[in-house]
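Okay, run21.pdb now, which holds PDB, C-alpha atoms:
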ATOM      1  CA  MET A1126      95.586  85.256  88.517
ATOM      2  CA  SER A1127      94.769  87.699  85.770
ATOM      3  CA  GLY A1128      98.176  88.520  84.297
ATOM      4  CA  THR A1129      98.005  88.049  80.562
ATOM      5  CA  GLY A1130     101.654  88.569  79.715
ATOM      6  CA  SER A1131     103.960  85.747  78.771
ATOM      7  CA  THR A1132     105.202  83.953  81.866
ATOM      8  CA  ASP A1133     108.121  82.371  80.039
ATOM      9  CA  SER A1134     109.816  85.738  79.707
ATOM     10  CA  THR A1135     112.839  84.886  81.816
ATOM     11  CA  TRP A1136     115.469  87.557  81.575
ATOM     12  CA  ALA A1137     118.648  85.791  80.374
ATOM     13  CA  LEU A1138     121.723  87.465  81.826
ATOM     14  CA  SER A1139     125.419  86.971  81.190
ATOM     15  CA  ALA A1140     127.575  85.945  84.159
ATOM     16  CA  LYS A1141     128.949  89.504  84.357
ATOM     17  CA  GLU A1142     125.480  91.138  84.209
ATOM     18  CA  GLY A1143     123.979  88.699  86.701
ATOM     19  CA  GLY A1144     126.917  88.987  89.075
ATOM     20  CA  GLY A1145     126.639  92.769  88.935
ATOM     21  CA  LEU A1146     122.919  92.596  89.702
ATOM     22  CA  ALA A1147     123.543  90.152  92.559
ATOM     23  CA  GLY A1148     125.985  92.655  94.073
ATOM     24  CA  ARG A1149     123.485  95.489  93.596
ATOM     25  CA  TRP A1150     120.749  93.370  95.198
ATOM     26  CA  TRP A1151     122.936  92.693  98.248
ATOM     27  CA  LYS A1152     123.841  96.390  98.605
ATOM     28  CA  TRP A1153     120.118  97.191  98.501
ATOM     29  CA  ALA A1154     119.206  94.453 100.988
ATOM     30  CA  LEU A1155     122.038  95.214 103.430
ATOM     31  CA  SER A1156     121.354  98.976 103.406
ATOM     32  CA  ALA A1157     117.798  98.686 104.740
ATOM     33  CA  PRO A1158     117.284  99.352 108.461
ATOM     34  CA  ASP A1159     115.749  96.358 110.248
ATOM     35  CA  ASP A1160     112.417  98.128 110.820
ATOM     36  CA  VAL A1161     111.812  98.604 107.054
ATOM     37  CA  SER A1162     113.877  95.722 105.679
ATOM     38  CA  PRO A1163     112.233  94.074 102.643
ATOM     39  CA  VAL A1164     114.056  90.853 103.603
ATOM     40  CA  ARG A1165     112.660  90.797 107.165
ATOM     41  CA  ASP A1166     109.219  91.909 105.911
ATOM     42  CA  GLU A1167     106.564  89.211 106.346
ATOM     43  CA  THR A1168     103.734  90.920 104.415
ATOM     44  CA  GLY A1169     105.233  92.864 101.494
ATOM     45  CA  GLU A1170     104.662  96.212 103.222
ATOM     46  CA  PHE A1171     108.268  97.293 102.590
ATOM     47  CA  ALA A1172     108.712  95.761  99.126
ATOM     48  CA  ASP A1173     109.072  99.209  97.515
ATOM     49  CA  TRP A1174     111.826 100.385  99.882
ATOM     50  CA  LYS A1175     114.418 102.391  97.882
ATOM     51  CA  GLN A1176     113.886 100.486  94.641
ATOM     52  CA  PRO A1177     116.288 101.394  91.799
ATOM     53  CA  ARG A1178     114.813 103.152  88.759
ATOM     54  CA  ASP A1179     115.928 100.585  86.155
ATOM     55  CA  LEU A1180     114.583  97.353  87.677
ATOM     56  CA  TRP A1181     112.653  96.009  90.659
ATOM     57  CA  PHE A1182     114.230  93.848  93.337
ATOM     58  CA  LEU A1183     112.135  91.297  95.178
ATOM     59  CA  ALA A1184     113.464  90.340  98.581
ATOM     60  CA  GLY A1185     114.488  86.910  99.697
ATOM     61  CA  THR A1186     114.139  85.829 103.313
ATOM     62  CA  TYR A1187     116.414  84.830 106.160
ATOM     63  CA  GLY A1188     114.852  81.373 105.926
ATOM     64  CA  GLY A1189     111.447  79.820 106.431
ATOM     65  CA  LYS A1190     108.031  80.485 104.948
ATOM     66  CA  VAL A1191     106.610  83.914 104.105
ATOM     67  CA  VAL A1192     103.694  85.198 102.015
ATOM     68  CA  ARG A1193     103.924  88.752 100.676
ATOM     69  CA  ARG A1194     101.572  91.007  98.685
ATOM     70  CA  CYS A1195     102.901  93.969  96.774
ATOM     71  CA  SER A1196     102.578  96.116  93.675
ATOM     72  CA  VAL A1197     105.323  96.301  91.086
ATOM     73  CA  PRO A1198     105.528  98.545  88.017
ATOM     74  CA  SER A1199     104.935  97.061  84.576
ATOM     75  CA  ASP A1200     107.868  98.940  83.022
ATOM     76  CA  ARG A1201     110.718  97.269  84.944
ATOM     77  CA  PRO A1202     112.257  93.800  84.934
ATOM     78  CA  LEU A1203     112.233  91.882  88.229
ATOM     79  CA  PHE A1204     115.347  90.374  89.827
ATOM     80  CA  PHE A1205     115.352  88.174  92.917
ATOM     81  CA  PRO A1206     117.209  85.409  94.748
ATOM     82  CA  VAL A1207     115.931  81.877  95.045
ATOM     83  CA  LEU A1208     118.798  80.845  97.347
ATOM     84  CA  ASN A1209     121.713  83.145  98.105
ATOM     85  CA  MET A1210     124.407  84.238 100.511
ATOM     86  CA  GLN A1211     127.139  86.814 100.883
ATOM     87  CA  HIS A1212     130.301  87.058 102.932
ATOM     88  CA  THR A1213     133.191  89.433 103.499
ATOM     89  CA  ARG A1214     136.635  88.917 102.007
ATOM     90  CA  GLU A1215     137.881  88.686 105.606
ATOM     91  CA  TYR A1216     135.824  85.496 105.949
ATOM     92  CA  SER A1217     137.166  83.988 102.728
ATOM     93  CA  LYS A1218     139.271  85.323  99.854
ATOM     94  CA  VAL A1219     137.250  83.253  97.361
ATOM     95  CA  PRO A1220     133.475  83.119  96.822
ATOM     96  CA  GLN A1221     131.695  80.571  99.001
ATOM     97  CA  SER A1222     128.463  78.848  98.012
ATOM     98  CA  MET A1223     125.825  76.540  99.446
ATOM     99  CA  GLY A1224     125.099  73.045  98.300
ATOM    100  CA  VAL A1225     121.720  73.155  96.583
ATOM    101  CA  ALA A1226     119.284  70.306  97.247
ATOM    102  CA  GLU A1227     116.348  72.041  95.523
ATOM    103  CA  ALA A1228     115.683  75.397  93.875
ATOM    104  CA  SER A1229     112.635  76.491  91.894
ATOM    105  CA  ALA A1230     110.575  79.531  91.009
ATOM    106  CA  THR A1231     107.222  79.563  89.234
ATOM    107  CA  LEU A1232     105.095  82.417  87.940
ATOM    108  CA  ASN A1233     101.382  81.557  87.747
ATOM    109  CA  GLY A1234     102.449  77.900  88.004
ATOM    110  CA  ILE A1235     104.902  78.040  85.088
ATOM    111  CA  PRO A1236     108.545  77.177  85.952
ATOM    112  CA  LEU A1237     111.080  79.964  85.488
ATOM    113  CA  ALA A1238     114.693  79.526  84.406
ATOM    114  CA  LEU A1239     117.211  80.063  87.203
ATOM    115  CA  GLN A1240     120.832  81.138  86.902
ATOM    116  CA  GLU A1241     123.783  80.838  89.289
ATOM    117  CA  PHE A1242     125.882  83.971  89.803
ATOM    118  CA  ALA A1243     128.899  84.759  91.980
ATOM    119  CA  ALA A1244     130.619  88.132  92.034
ATOM    120  CA  PRO A1245     132.549  90.548  94.215
ATOM    121  CA  PHE A1246     130.914  93.747  95.478
ATOM    122  CA  ARG A1247     131.514  96.437  98.087
ATOM    123  CA  THR A1248     129.517  98.051 100.840
ATOM    124  CA  GLY A1249     131.475 101.137 101.837
ATOM    125  CA  LEU A1250     135.045  99.954 102.370
ATOM    126  CA  THR A1251     134.068  96.335 102.998
ATOM    127  CA  ARG A1252     134.848  93.951 100.175
ATOM    128  CA  ARG A1253     132.349  91.112  99.836
ATOM    129  CA  PHE A1254     131.340  88.194  97.637
ATOM    130  CA  ALA A1255     127.805  87.376  96.537
ATOM    131  CA  TRP A1256     126.691  83.921  95.485
ATOM    132  CA  GLY A1257     123.274  82.640  94.624
ATOM    133  CA  ILE A1258     120.671  81.044  92.442
ATOM    134  CA  TRP A1259     118.811  83.981  90.888
ATOM    135  CA  CYS A1260     115.939  84.716  88.564
ATOM    136  CA  GLY A1261     115.205  87.663  86.331
ATOM    137  CA  ILE A1262     111.862  88.323  84.666
ATOM    138  CA  THR A1263     111.299  90.780  81.838
ATOM    139  CA  PRO A1264     108.652  93.456  82.527
ATOM    140  CA  LEU A1265     105.185  91.964  83.015
ATOM    141  CA  THR A1266     101.928  93.293  81.627
ATOM    142  CA  PRO A1267      99.517  94.779  84.172
ATOM    143  CA  GLY A1268      97.557  92.173  86.106
ATOM    144  CA  GLU A1269      97.853  89.839  89.057
ATOM    145  CA  TYR A1270     100.497  87.145  89.330
ATOM    146  CA  VAL A1271     101.582  84.560  91.877
ATOM    147  CA  LEU A1272     105.338  84.030  92.193
ATOM    148  CA  GLU A1273     106.395  81.000  94.218
ATOM    149  CA  ILE A1274     110.017  80.581  95.277
ATOM    150  CA  ARG A1275     111.222  77.416  96.980
ATOM    151  CA  ALA A1276     114.713  76.241  97.801
ATOM    152  CA  GLU A1277     116.630  74.053 100.179
ATOM    153  CA  ALA A1278     120.359  73.913 100.794
ATOM    154  CA  THR A1279     122.119  70.672 101.680
ATOM    155  CA  ASN A1280     122.876  72.158 105.140
ATOM    156  CA  GLY A1281     119.128  72.267 105.940
ATOM    157  CA  PHE A1282     118.526  75.975 105.264
ATOM    158  CA  TRP A1283     115.258  76.441 103.343
ATOM    159  CA  VAL A1284     112.980  79.116 101.934
ATOM    160  CA  ASP A1285     109.357  79.028 100.838
ATOM    161  CA  THR A1286     108.247  82.458  99.612
ATOM    162  CA  THR A1287     105.022  83.337  97.842
ATOM    163  CA  TYR A1288     104.538  86.744  96.288
ATOM    164  CA  HIS A1289     101.074  87.906  95.238
ATOM    165  CA  LEU A1290     102.078  90.566  92.713
ATOM    166  CA  GLU A1291      99.854  93.290  91.368
ATOM    167  CA  VAL A1292     101.606  94.611  88.281
ATOM    168  CA  THR A1293     100.492  98.170  87.577
ATOM    169  CA  ALA A1294     101.151 100.658  84.777
ATOM    170  CA  PRO A1295     103.600 103.369  85.896
TER     171      PRO A1295
END
Could you show the structure in this file as structure tokens?
Amino acid sequence: MSGTGSTDSTWALSAKEGGGLAGRWWKWALSAPDDVSPVRDETGEFADWKQPRDLWFLAGTYGGKVVRRCSVPSDRPLFFPVLNMQHTREYSKVPQSMGVAEASATLNGIPLALQEFAAPFRTGLTRRFAWGIWCGITPLTPGEYVLEIRAEATNGFWVDTTYHLEVTAP
């Protein structure tokens, strides 16, 4: 781990900003075809799939353990789920959530602050709700970092994701 930037640079977001980013993240994640989906990706090969220009999304998983390696630019904040879900308004007219038994994220071993966001969003004509425990990190200085994301819901769903990040100058 060679990253020299501050690892306590959690990006504090208002509920409105975070909810908006959660909706954007879900639009990004749901729009990827299965064969290049960053969420289904087990290695980090598709981490750069259609990234927005103003920030960098890191993918969650559909559960279980995964280790990914990828490069991210040093000029963009990172935004990612620790534990999240989405559903259509047909399923429920109000946002649903999961019971959280555990949720943590660390960067180079240092705990990161997590925030809970829920917000409506749309994909095409479909109205949806996003809920989750999220983390935002301000842009990192070039170097290598290890991001560890672990969570478990009270229903038994769990994630254990490790990202080996190479932060590079744009």
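For the set A:Arg1252, A:His1289, A:Arg1178, A:Arg1275, the residue with the smallest atom-to-atom gap to Val1207 (chain A) is A:Arg1275, counting all atoms listed in the file.
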Handout entry: Counting all atoms listed in the file, the option among A:Val1284, A:Ala1244, A:Val1271, A:Ile1258 closest to Gly1144 (chain A)
Key =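 Result for the nearest residue to Gly1144 (chain A): A:Ala1244.
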Exercise for the section: Quick one: apply the PyMOL selection byres ((chain A and resi 1162-1166) around 10) to the file and drop the selected residues here as a VMD selection string. Expected result: chain A and resid 1153 to 1161 1167 to 1175 1182 to 1188 1191 to 1193
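The space between CA of Glu1277 (chain A) and CA of Asn1209 (chain A) spans 10.6 Å.
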Practice task
Tell me which protein, DNA and RNA residues are within 7 Å of region 1146-1149 of chain A, counting only C-alpha atoms, leaving out same-chain ones fewer than 6 positions away, and put them as JSON, numbers by chain.
Solution key: {"A": [1244, 1245, 1246, 1255]}
Exercise for the section: Would you mind listing what lies within 8 Å of Leu1272 (chain A) as a PyMOL selection string, with all atoms listed in the file counted and same-chain residues fewer than 4 positions away left out? Expected result: chain A and resi 1230-1234+1287-1290
Handout entry: 7 Å contact set for region 1219-1222 of chain A, only C-alpha atoms, chain neighbours under 6 positions out, as a list in words
Key =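 Residues meeting the cut-off are Ala1243, Phe1254 and Trp1256 of chain A.
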Store the residues picked out above in a file with C-alpha atoms, as a PDB file, in the coordinates of the input.
ATOM      1  CA  ALA A1243     128.899  84.759  91.980  1.00  0.00           C
ATOM      2  CA  PHE A1254     131.340  88.194  97.637  1.00  0.00           C
ATOM      3  CA  TRP A1256     126.691  83.921  95.485  1.00  0.00           C
TER       4      TRP A1256
END
Fill in the blank from the handout: Correct to one decimal, the distance CA of Arg1214 (chain A)-CA of Pro1177 (chain A) is 26.0 Å
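As for CA of Tyr1270 (chain A) and CA of Gly1189 (chain A), they are spaced 21.6 Å apart.
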Find the residues near Val1225 (chain A): any atom within 9 Å, counting all atoms listed in the file, skip ones fewer than 6 places away on the same chain, and give them as a compact mmCIF listing (two decimals) with C-alpha atoms, in the coordinates of the input.
# COMPACT_ATOMS: atom_id res chain seq x y z
CA LEU A 1208 118.80 80.84 97.35
CA ILE A 1258 120.67 81.04 92.44
CA ALA A 1276 114.71 76.24 97.80
CA GLU A 1277 116.63 74.05 100.18
CA ALA A 1278 120.36 73.91 100.79
CA THR A 1279 122.12 70.67 101.68
CA ASN A 1280 122.88 72.16 105.14
Adding 8 Å on each side of the box along x, y and z that holds all listed atoms of region 1176-1195 of chain A, could you give its centre and edge lengths in Å to one decimal, as lines of an AutoDock Vina configuration file?
center_x = 109.0
center_y = 91.5
center_z = 96.3
size_x = 30.8
size_y = 39.3
size_z = 36.3
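Minimum distance to Pro1267 (chain A) across A:Ser1139, A:Ser1229, A:Gln1176, A:Thr1293 (counting all atoms listed in the file) occurs at A:Thr1293.
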Practice task
Kindly resolve the PyMOL selection byres ((chain A and resi 1212) around 6) on the present coordinates and return the residues as a list of chain:residue names.
Solution key: A:Gln1211, A:Thr1213, A:Arg1253, A:Phe1254
Practice task
Please evaluate the PyMOL selection byres ((chain A and resi 1203) around 8) against the displayed coordinates and give the resulting residues as a ChimeraX atom specification.
Solution key: /A:1180-1183,1201-1202,1204-1205,1261-1264
